[in-house]
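Have a look at the structure below before the remarks.
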Amino acid sequence: MYIEEKQLKGFINDSGLVSRSDFDEAEKEAEKNKVSIGDVLVKKGKLTNDNIKRIQAYLLGIPFVDLKNERIPFDTLSIIPEPIARKHNIVAFKKEKDSLEVAMLDTDDLAAIEFIKKKTGHKILPRLTNSDSIKSVLLLYQKSLKADFGDIIQKESGTLKTISELEKSAGEFKDDLKKIAEDLPVIKIVDTLLKHAIIQNASDIHIEPEEREMVVRYRVDGILHDAMVLPKTAGLPITARLKVLANLKLDEKRLPQDGRFKTEIDGQNVSFRVSVLPVFYGEKIVMRILKETSTGLTLEAMGLHGEGLEKVYNATKLSTGMILTTGPTGSGKTTTLYSILDILNTPDVNISTIEDPIEYQVKRINQTQVKPEIGLTFANGLRALVRQDPDIIMVGEIRDNETASLAINASLTGHLVLSTLHTNSAAGSIPRLIDMKVEPFLLVSTLDIIIAQRLVRKLTSSKEKYFLTKAGINSLSKSVDLDRILSALKAEKVVASDATWEKIPFYKPKKSDESEDGYKGRVGVYEVLKMSNSIKEMVIKGETSDKIDTQAKKEGMLSMLEDGVFKAVQGITTLEEVLRVISSEQ
């Protein structure tokens with residue numbers, strides 16, 4: 001049911017939804033870029049996605065439905081399994097005797113319609129809706145974690161009590177613990193805990209024993225949230241189950257242990273990195289969640305833009321040299337490297353990596369997992385990789401002098417090397433590598449760009465506009481160079497050429513059905529340092545990182561804090577979030 005562009009243009013023009021001048025400007029841009037005028041008008045903010053969907057529904061003669069805040073009976077909703085609903089953006093909302101009304105973003109998805117027809121035996125009546133409606137309905141699939149756990153624990157309270165008594169009487173022998181870990185209610189509890197963490201897009205799960213209870217917390221978008229408080233009796237079985245999954249010693253409670261396991265949840269392979277630490281009231285477990293699929297993210301979607309983005313793209317065209325990403329743990333360094341590898345991953349090159357852990361599995365890339373317990377360290381792995389005729393090498397992390405030296409030598413001998421480093425800023429990477437006994441003349445011969453980054457939370461579509469007062473502008477100017485940021489905003493046409501800070505809006509989070517605190521997801525803030533001739537001379541002379549940073553800014557580099565303010569003006573995040581994540585000293 002294709003809508004001709006001429007028909008769409010005619011309706012928009014006659015509807016009066018946009019002014020004539022805006023329509024003419026959008027029409028020219030659409031013809032130039034060979035895209036739909038609807039997409040251009042939405043991008044410019046002249047029409048909403050909701051407007052476009054309603055117009056499409058009218059032109060196709062298909063009813064439009066708005067399902068936001070609608071209460072759909074769970075037996076109707078569950079006719080379409082959640083993975084299918086998410087994958088195809090299709091939800092069931094009304095059931096009659098022999099028919100089922102479904103809301104879709106794309107009514108041309110005939111494969112999804114046919115699948116549901118065969119599964120249910122009902123006549124399928126497609127209805128067009130918008131993405132906000134789909135998101136709202138998908139949330140209904142998620143019974144609260146408390147309800148799920150409450151049901152299981154209530155049903156199995158007797159079993160858990162027996163387990164608790166077994167712990168006291170049996171002296172926690174290994175065979176008893178294994179039996180506990182394989183008990184059906186325990187498996188249900190752990191599976192539910194893992195599934196809800198994936199649904200909520202958590203990066204980590206914390207299971208913390210206290211005197212009378214056990215607290216489960218999820219880290220979502222970098223912030224820890226309480227997910228559930230469990231009875232103390234659930235502590236031993238959950239710990240035993242996770243130890244069995246991660247292949248750890250069940251009867252070891254005095255020493256820390258590390259392991260990992262994989263599982264499939266809703267059709268996607270997920271790896272869990274498990275750390276067990278003895279604490280006063282038992283054992284604390286922290287699990288890092290790693291979805292083992294290619295990121296699918298572009299550098300633009302991750303938050304790189306303007307001159308910084310151009311520098312990164314130029315670096316990917318090199319056949320030798322080194323690209324470094326820096327930042328603390330959990331700042332998205334590895335994801336940035338994988339996005340760069342995605343650009344480089346063509347049939348005519350051989351790409352090899354040495355990682356700990358392998359966070360994403362990528363086709364046509366040879367990935368090796370570090371195993372220090374058998375002598376496979378980053379340094380030994382890198383030595384082996386160089387003999388595998390690679391064009392591009394990724395080293396998960398430069399941790400010591402030996403790995404740094406080998407990475408530098410690999411880039412000198414005709415390889416493009418990508419790696420990560422733990423420093424607070426891009427300029428700080430240079431003295432860090434020199435501390436690792438890398439000679440300055442070798443650094444300037446190999447290092448091409450350094451990307452420093454942090455992750456900030458993104459605002460949802462429900463946000464509140466405000467303007468800074470003069471006092472607010474003066475206060476912000478003490479932390480960042482507002483003139484440089486304004487020039488960058490004008491250069492990328494984010495604000496008008498005559499804009500001033502008094503007239504530039506910022507945004508605050510607003511509570512909505514989509515998010516309790518007004519934030520959802522994260523985006524990177526970056527600084528990209530290009531090793532220019534002047535900076536290379538400074539490195540040879542042994543200049544401080546502060547002086548190198550100042551020179552890079554003179555050459556156009558936006559600092560992470562300045563990039564954060566840039567994104568706050570775009571309405572992607574808030575000033576408060578940027579200042580929370582990045583200290584004003586940087």
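Chain lettering (A, B, ...) mirrors the order of the structure tokens, residue numbering begins at 1 for each chain separately, and ligand numbering begins at 1 in order of display.
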In range 329-497 of chain A, DSSP alpha helix (DSSP H) residues written as an NGL selection string: :A and (333-344 or 378-386 or 401-412 or 429-435 or 440-446 or 470-477 or 482-491)
Please identify all polymer residues within 7 Å of range 298-302 of chain A, counting only C-alpha atoms, omitting same-chain residues fewer than 4 positions from it, and present them as a tab-separated table (two decimals) with N, CA and C atoms, in the first residue's frame.
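And here is the file that came out, part27.tsv:
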```tsv
chain	number	residue	atom	x	y	z
A	339	SER	N	32.54	0.21	16.70
A	339	SER	CA	31.89	1.00	15.65
A	339	SER	C	32.89	1.39	14.58
A	523	VAL	N	24.27	8.57	25.74
A	523	VAL	CA	24.97	9.01	24.54
A	523	VAL	C	26.37	9.46	24.97
A	524	GLY	N	27.32	9.39	24.06
A	524	GLY	CA	28.70	9.76	24.40
A	524	GLY	C	28.95	11.25	24.30
```
Near-Ile449 in chain A list (10 Å; only C-alpha atoms; drop same-chain fewer than 6 positions) as an NGL selection string: :A and (308 or 311-312 or 314-315 or 321-325 or 426 or 528-532)
Convert the current residue selection to file output with N, CA and C atoms, as a PDB file, in the first residue's frame.
```
ATOM      1  N   GLY A 308      35.211  16.612  15.094  1.00  0.00           N
ATOM      2  CA  GLY A 308      35.663  15.394  15.769  1.00  0.00           C
ATOM      3  C   GLY A 308      35.334  14.158  14.965  1.00  0.00           C
ATOM      4  N   LYS A 311      37.613  13.856  11.958  1.00  0.00           N
ATOM      5  CA  LYS A 311      38.953  13.365  12.318  1.00  0.00           C
ATOM      6  C   LYS A 311      38.961  11.850  12.467  1.00  0.00           C
ATOM      7  N   VAL A 312      37.903  11.297  13.087  1.00  0.00           N
ATOM      8  CA  VAL A 312      37.825   9.847  13.270  1.00  0.00           C
ATOM      9  C   VAL A 312      37.690   9.145  11.925  1.00  0.00           C
ATOM     10  N   ASN A 314      38.694  10.215   9.030  1.00  0.00           N
ATOM     11  CA  ASN A 314      39.976  10.321   8.318  1.00  0.00           C
ATOM     12  C   ASN A 314      40.975   9.287   8.837  1.00  0.00           C
ATOM     13  N   ALA A 315      40.939   9.043  10.154  1.00  0.00           N
ATOM     14  CA  ALA A 315      41.861   8.070  10.757  1.00  0.00           C
ATOM     15  C   ALA A 315      41.563   6.654  10.272  1.00  0.00           C
ATOM     16  N   GLY A 321      49.394   3.050  11.818  1.00  0.00           N
ATOM     17  CA  GLY A 321      49.206   4.041  12.883  1.00  0.00           C
ATOM     18  C   GLY A 321      48.389   3.486  14.029  1.00  0.00           C
ATOM     19  N   MET A 322      47.962   4.384  14.923  1.00  0.00           N
ATOM     20  CA  MET A 322      47.250   3.946  16.123  1.00  0.00           C
ATOM     21  C   MET A 322      46.096   4.886  16.452  1.00  0.00           C
ATOM     22  N   ILE A 323      44.952   4.277  16.768  1.00  0.00           N
ATOM     23  CA  ILE A 323      43.773   5.005  17.247  1.00  0.00           C
ATOM     24  C   ILE A 323      43.517   4.553  18.677  1.00  0.00           C
ATOM     25  N   LEU A 324      43.464   5.506  19.612  1.00  0.00           N
ATOM     26  CA  LEU A 324      43.240   5.180  21.018  1.00  0.00           C
ATOM     27  C   LEU A 324      41.916   5.749  21.503  1.00  0.00           C
ATOM     28  N   THR A 325      41.199   4.993  22.324  1.00  0.00           N
ATOM     29  CA  THR A 325      40.057   5.556  23.049  1.00  0.00           C
ATOM     30  C   THR A 325      40.384   5.487  24.538  1.00  0.00           C
ATOM     31  N   ALA A 426      42.051  13.137  26.764  1.00  0.00           N
ATOM     32  CA  ALA A 426      42.800  12.715  25.575  1.00  0.00           C
ATOM     33  C   ALA A 426      44.279  13.059  25.728  1.00  0.00           C
ATOM     34  N   VAL A 528      38.245  14.759  20.717  1.00  0.00           N
ATOM     35  CA  VAL A 528      39.062  14.027  19.739  1.00  0.00           C
ATOM     36  C   VAL A 528      40.325  14.827  19.470  1.00  0.00           C
ATOM     37  N   LEU A 529      41.468  14.296  19.939  1.00  0.00           N
ATOM     38  CA  LEU A 529      42.752  14.978  19.796  1.00  0.00           C
ATOM     39  C   LEU A 529      43.494  14.403  18.599  1.00  0.00           C
ATOM     40  N   LYS A 530      43.748  15.258  17.625  1.00  0.00           N
ATOM     41  CA  LYS A 530      44.507  14.869  16.435  1.00  0.00           C
ATOM     42  C   LYS A 530      45.978  15.202  16.660  1.00  0.00           C
ATOM     43  N   MET A 531      46.862  14.264  16.398  1.00  0.00           N
ATOM     44  CA  MET A 531      48.296  14.494  16.582  1.00  0.00           C
ATOM     45  C   MET A 531      48.827  15.335  15.421  1.00  0.00           C
ATOM     46  N   SER A 532      48.629  16.636  15.536  1.00  0.00           N
ATOM     47  CA  SER A 532      49.102  17.575  14.508  1.00  0.00           C
ATOM     48  C   SER A 532      50.616  17.754  14.654  1.00  0.00           C
TER      49      SER A 532
END
```
Test item: residues at most 9 Å from Gly556 in chain A, only C-alpha atoms, excluding those fewer than 2 positions along its chain, as a PyMOL selection string: chain A and resi 307-308+484+551-554+558
Shell around range 351-361 of chain A at 9 Å using only C-alpha atoms, local window under 4 positions removed, as a PyMOL selection string: chain A and resi 271+273+290-295+334-335+338+341+344-345+365-371+377-378+381-382+385-386+388+390-397
How would the residues just chosen look if you wrote them out with N, CA and C atoms as a CSV table (one decimal), in the first residue's frame?
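This went into selection01.csv:
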```csv
chain,number,residue,atom,x,y,z
A,271,SER,N,25.9,-12.7,27.4
A,271,SER,CA,26.9,-13.2,28.3
A,271,SER,C,26.9,-12.4,29.6
A,273,ARG,N,29.3,-11.6,33.0
A,273,ARG,CA,30.5,-11.7,33.6
A,273,ARG,C,30.3,-11.6,35.1
A,290,LEU,N,26.6,-8.5,29.0
A,290,LEU,CA,27.2,-8.2,27.6
A,290,LEU,C,26.3,-8.9,26.6
A,291,LYS,N,25.7,-8.1,25.8
A,291,LYS,CA,24.9,-8.7,24.7
A,291,LYS,C,25.8,-9.0,23.5
A,292,GLU,N,25.9,-10.3,23.2
A,292,GLU,CA,26.9,-10.7,22.3
A,292,GLU,C,26.5,-10.6,20.8
A,293,THR,N,26.1,-9.4,20.4
A,293,THR,CA,25.8,-9.1,19.0
A,293,THR,C,26.5,-7.9,18.6
A,294,SER,N,26.7,-7.7,17.3
A,294,SER,CA,27.4,-6.5,16.9
A,294,SER,C,26.6,-5.3,17.3
A,295,THR,N,27.3,-4.2,17.6
A,295,THR,CA,26.7,-3.0,18.2
A,295,THR,C,25.6,-2.4,17.3
A,334,THR,N,35.1,0.5,24.4
A,334,THR,CA,35.1,-0.6,23.5
A,334,THR,C,34.0,-0.5,22.4
A,335,THR,N,32.9,0.0,22.8
A,335,THR,CA,31.8,0.2,21.8
A,335,THR,C,32.2,1.1,20.7
A,338,TYR,N,34.5,-0.8,18.4
A,338,TYR,CA,33.7,-1.8,17.5
A,338,TYR,C,33.0,-1.0,16.4
A,341,LEU,N,35.6,-0.4,14.0
A,341,LEU,CA,35.9,-1.7,13.3
A,341,LEU,C,34.8,-2.0,12.2
A,344,LEU,N,35.7,-0.4,9.2
A,344,LEU,CA,36.9,-1.0,8.6
A,344,LEU,C,36.7,-2.4,8.1
A,345,ASN,N,35.6,-3.1,8.5
A,345,ASN,CA,35.4,-4.5,8.3
A,345,ASN,C,34.9,-4.7,6.8
A,365,ILE,N,35.6,-11.1,11.8
A,365,ILE,CA,36.6,-10.6,12.6
A,365,ILE,C,37.1,-11.7,13.5
A,366,ASN,N,38.4,-11.9,13.5
A,366,ASN,CA,39.0,-13.0,14.3
A,366,ASN,C,39.2,-12.5,15.8
A,367,GLN,N,38.4,-13.0,16.7
A,367,GLN,CA,38.5,-12.5,18.1
A,367,GLN,C,39.0,-13.5,19.0
A,368,THR,N,40.0,-13.1,19.8
A,368,THR,CA,40.7,-14.0,20.8
A,368,THR,C,40.4,-13.5,22.2
A,369,GLN,N,40.1,-14.4,23.1
A,369,GLN,CA,39.8,-14.1,24.5
A,369,GLN,C,41.1,-14.3,25.3
A,370,VAL,N,41.5,-13.2,26.1
A,370,VAL,CA,42.6,-13.3,27.0
A,370,VAL,C,42.3,-14.4,28.1
A,371,LYS,N,43.3,-15.2,28.4
A,371,LYS,CA,43.2,-16.2,29.4
A,371,LYS,C,44.5,-16.2,30.2
A,377,THR,N,48.1,-13.8,27.8
A,377,THR,CA,47.9,-12.4,28.2
A,377,THR,C,47.8,-11.5,27.0
A,378,PHE,N,47.5,-10.2,27.2
A,378,PHE,CA,47.4,-9.3,26.1
A,378,PHE,C,48.7,-9.3,25.3
A,381,GLY,N,49.2,-12.7,23.4
A,381,GLY,CA,48.2,-12.8,22.4
A,381,GLY,C,48.6,-11.8,21.2
A,382,LEU,N,49.1,-10.7,21.5
A,382,LEU,CA,49.4,-9.7,20.5
A,382,LEU,C,50.6,-10.2,19.7
A,385,LEU,N,49.2,-12.6,17.3
A,385,LEU,CA,48.3,-11.9,16.2
A,385,LEU,C,49.2,-11.4,15.1
A,386,VAL,N,50.3,-10.8,15.5
A,386,VAL,CA,51.2,-10.2,14.4
A,386,VAL,C,51.7,-11.2,13.4
A,388,GLN,N,49.8,-13.5,12.3
A,388,GLN,CA,48.6,-14.0,11.6
A,388,GLN,C,48.3,-13.2,10.3
A,390,PRO,N,47.7,-9.9,9.9
A,390,PRO,CA,46.6,-9.0,10.0
A,390,PRO,C,46.9,-7.6,9.3
A,391,ASP,N,45.8,-7.0,8.9
A,391,ASP,CA,45.9,-5.6,8.4
A,391,ASP,C,45.6,-4.6,9.6
A,392,ILE,N,44.6,-5.1,10.3
A,392,ILE,CA,44.1,-4.2,11.5
A,392,ILE,C,44.1,-5.1,12.7
A,393,ILE,N,44.6,-4.5,13.8
A,393,ILE,CA,44.6,-5.2,15.1
A,393,ILE,C,43.9,-4.4,16.1
A,394,MET,N,43.0,-5.0,16.9
A,394,MET,CA,42.5,-4.3,18.1
A,394,MET,C,42.9,-5.0,19.4
A,395,VAL,N,43.5,-4.2,20.2
A,395,VAL,CA,44.0,-4.7,21.6
A,395,VAL,C,43.0,-4.2,22.6
A,396,GLY,N,42.3,-5.1,23.3
A,396,GLY,CA,41.2,-4.6,24.2
A,396,GLY,C,41.7,-3.5,25.1
A,397,GLU,N,42.9,-3.6,25.7
A,397,GLU,CA,43.3,-2.6,26.6
A,397,GLU,C,44.9,-2.6,26.7
```
Just want the 10 Å neighbourhood of Val525 in chain A, counted on only C-alpha atoms, with same-chain residues fewer than 2 positions away dropped. Output as a PDB file with N, CA and C atoms, in the first residue's frame.
```
ATOM      1  N   MET A 302      26.251   7.436  18.153  1.00  0.00           N
ATOM      2  CA  MET A 302      26.895   7.397  19.467  1.00  0.00           C
ATOM      3  C   MET A 302      27.185   8.783  20.017  1.00  0.00           C
ATOM      4  N   GLY A 303      27.119   9.804  19.159  1.00  0.00           N
ATOM      5  CA  GLY A 303      27.290  11.172  19.651  1.00  0.00           C
ATOM      6  C   GLY A 303      28.441  11.942  19.045  1.00  0.00           C
ATOM      7  N   LEU A 304      29.233  11.320  18.166  1.00  0.00           N
ATOM      8  CA  LEU A 304      30.308  12.066  17.499  1.00  0.00           C
ATOM      9  C   LEU A 304      29.717  12.954  16.401  1.00  0.00           C
ATOM     10  N   HIS A 305      30.287  14.123  16.227  1.00  0.00           N
ATOM     11  CA  HIS A 305      29.741  15.069  15.239  1.00  0.00           C
ATOM     12  C   HIS A 305      30.820  16.060  14.822  1.00  0.00           C
ATOM     13  N   SER A 331      32.722   3.579  30.205  1.00  0.00           N
ATOM     14  CA  SER A 331      32.478   4.841  29.485  1.00  0.00           C
ATOM     15  C   SER A 331      32.229   4.628  27.993  1.00  0.00           C
ATOM     16  N   ALA A 452      38.811  10.701  23.826  1.00  0.00           N
ATOM     17  CA  ALA A 452      38.422  10.564  25.232  1.00  0.00           C
ATOM     18  C   ALA A 452      36.906  10.669  25.303  1.00  0.00           C
ATOM     19  N   GLN A 453      36.281   9.916  26.213  1.00  0.00           N
ATOM     20  CA  GLN A 453      34.822   9.916  26.229  1.00  0.00           C
ATOM     21  C   GLN A 453      34.230   9.595  27.595  1.00  0.00           C
ATOM     22  N   ARG A 454      32.980  10.005  27.764  1.00  0.00           N
ATOM     23  CA  ARG A 454      32.143   9.641  28.906  1.00  0.00           C
ATOM     24  C   ARG A 454      30.746   9.376  28.355  1.00  0.00           C
ATOM     25  N   LEU A 455      29.872   8.777  29.171  1.00  0.00           N
ATOM     26  CA  LEU A 455      28.485   8.557  28.776  1.00  0.00           C
ATOM     27  C   LEU A 455      27.570   9.388  29.660  1.00  0.00           C
ATOM     28  N   VAL A 456      26.647  10.129  29.041  1.00  0.00           N
ATOM     29  CA  VAL A 456      25.645  10.896  29.783  1.00  0.00           C
ATOM     30  C   VAL A 456      24.255  10.376  29.430  1.00  0.00           C
ATOM     31  N   ARG A 522      21.708   6.294  26.905  1.00  0.00           N
ATOM     32  CA  ARG A 522      22.875   7.159  27.096  1.00  0.00           C
ATOM     33  C   ARG A 522      23.524   7.493  25.759  1.00  0.00           C
ATOM     34  N   VAL A 523      24.269   8.568  25.742  1.00  0.00           N
ATOM     35  CA  VAL A 523      24.975   9.013  24.538  1.00  0.00           C
ATOM     36  C   VAL A 523      26.368   9.463  24.972  1.00  0.00           C
ATOM     37  N   GLU A 527      36.037  14.115  23.291  1.00  0.00           N
ATOM     38  CA  GLU A 527      37.037  15.048  22.782  1.00  0.00           C
ATOM     39  C   GLU A 527      37.969  14.231  21.897  1.00  0.00           C
ATOM     40  N   LEU A 558      36.935  20.351  20.695  1.00  0.00           N
ATOM     41  CA  LEU A 558      36.003  20.619  21.788  1.00  0.00           C
ATOM     42  C   LEU A 558      36.322  19.669  22.928  1.00  0.00           C
ATOM     43  N   SER A 559      36.414  20.178  24.158  1.00  0.00           N
ATOM     44  CA  SER A 559      36.636  19.287  25.299  1.00  0.00           C
ATOM     45  C   SER A 559      35.352  18.495  25.552  1.00  0.00           C
ATOM     46  N   MET A 560      35.453  17.456  26.387  1.00  0.00           N
ATOM     47  CA  MET A 560      34.263  16.655  26.702  1.00  0.00           C
ATOM     48  C   MET A 560      33.178  17.518  27.347  1.00  0.00           C
ATOM     49  N   LEU A 561      33.588  18.428  28.225  1.00  0.00           N
ATOM     50  CA  LEU A 561      32.615  19.292  28.887  1.00  0.00           C
ATOM     51  C   LEU A 561      31.938  20.212  27.875  1.00  0.00           C
ATOM     52  N   GLU A 562      32.722  20.752  26.946  1.00  0.00           N
ATOM     53  CA  GLU A 562      32.155  21.624  25.904  1.00  0.00           C
ATOM     54  C   GLU A 562      31.230  20.837  24.979  1.00  0.00           C
ATOM     55  N   ASP A 563      31.625  19.605  24.665  1.00  0.00           N
ATOM     56  CA  ASP A 563      30.764  18.763  23.832  1.00  0.00           C
ATOM     57  C   ASP A 563      29.462  18.438  24.564  1.00  0.00           C
ATOM     58  N   GLY A 564      29.548  18.268  25.892  1.00  0.00           N
ATOM     59  CA  GLY A 564      28.348  18.032  26.693  1.00  0.00           C
ATOM     60  C   GLY A 564      27.391  19.213  26.650  1.00  0.00           C
ATOM     61  N   VAL A 565      27.927  20.440  26.760  1.00  0.00           N
ATOM     62  CA  VAL A 565      27.094  21.651  26.669  1.00  0.00           C
ATOM     63  C   VAL A 565      26.481  21.744  25.279  1.00  0.00           C
ATOM     64  N   PHE A 566      27.255  21.394  24.252  1.00  0.00           N
ATOM     65  CA  PHE A 566      26.762  21.365  22.860  1.00  0.00           C
ATOM     66  C   PHE A 566      25.531  20.464  22.765  1.00  0.00           C
ATOM     67  N   LYS A 567      25.622  19.271  23.367  1.00  0.00           N
ATOM     68  CA  LYS A 567      24.500  18.312  23.312  1.00  0.00           C
ATOM     69  C   LYS A 567      23.325  18.768  24.184  1.00  0.00           C
ATOM     70  N   VAL A 578      25.494  16.609  32.401  1.00  0.00           N
ATOM     71  CA  VAL A 578      26.854  16.786  31.881  1.00  0.00           C
ATOM     72  C   VAL A 578      27.817  17.113  33.018  1.00  0.00           C
ATOM     73  N   VAL A 581      28.565  14.096  35.315  1.00  0.00           N
ATOM     74  CA  VAL A 581      29.446  13.063  34.772  1.00  0.00           C
ATOM     75  C   VAL A 581      30.870  13.564  34.576  1.00  0.00           C
ATOM     76  N   ILE A 582      30.998  14.824  34.147  1.00  0.00           N
ATOM     77  CA  ILE A 582      32.328  15.367  33.823  1.00  0.00           C
ATOM     78  C   ILE A 582      32.667  16.480  34.806  1.00  0.00           C
TER      79      ILE A 582
END
```
Contacts of Asp75 in chain A within 12 Å, only C-alpha atoms, excl. fewer than 4 positions in-chain, as a PyMOL selection string: chain A and resi 71+79-81+92-95+140-141
Listing only residues of range 205-268 of chain A within 7 Å of range 188-201 of chain A, what is the closest atom pair and its distance in Å (to one decimal) for each, using only C-alpha atoms, sorted by chain and residue number ascending, as a tab-separated table?
```
residue	atom	partner	partner_atom	distance
A:Tyr218	CA	A:Ala197	CA	6.7
A:Val220	CA	A:Asn201	CA	6.5
A:Ile238	CA	A:Val190	CA	6.4
A:Ile265	CA	A:Lys195	CA	6.6
```
Expected answer as a ChimeraX atom specification: strand (DSSP E or B) residues in range 440-567 of chain A: /A:447-459,463-467,505-509,519-530
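For the atom pair formed by CA of Glu373 in chain A and CA of Ser411 in chain A, the distance is 27.7 Å, given to one decimal.
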Selected residue, from A:Ala112, A:Leu125, A:Pro256, A:Thr573, that lies nearest to Leu100 in chain A when counting only C-alpha atoms: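 Among the listed residues, A:Leu125 lies closest to Leu100 in chain A.
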Nearest to Gly330 in chain A by atom-to-atom distance, counting only C-alpha atoms, from A:His422, A:Lys249, A:Lys232, A:Lys243: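 Closest to Gly330 in chain A of all the choices is A:His422.
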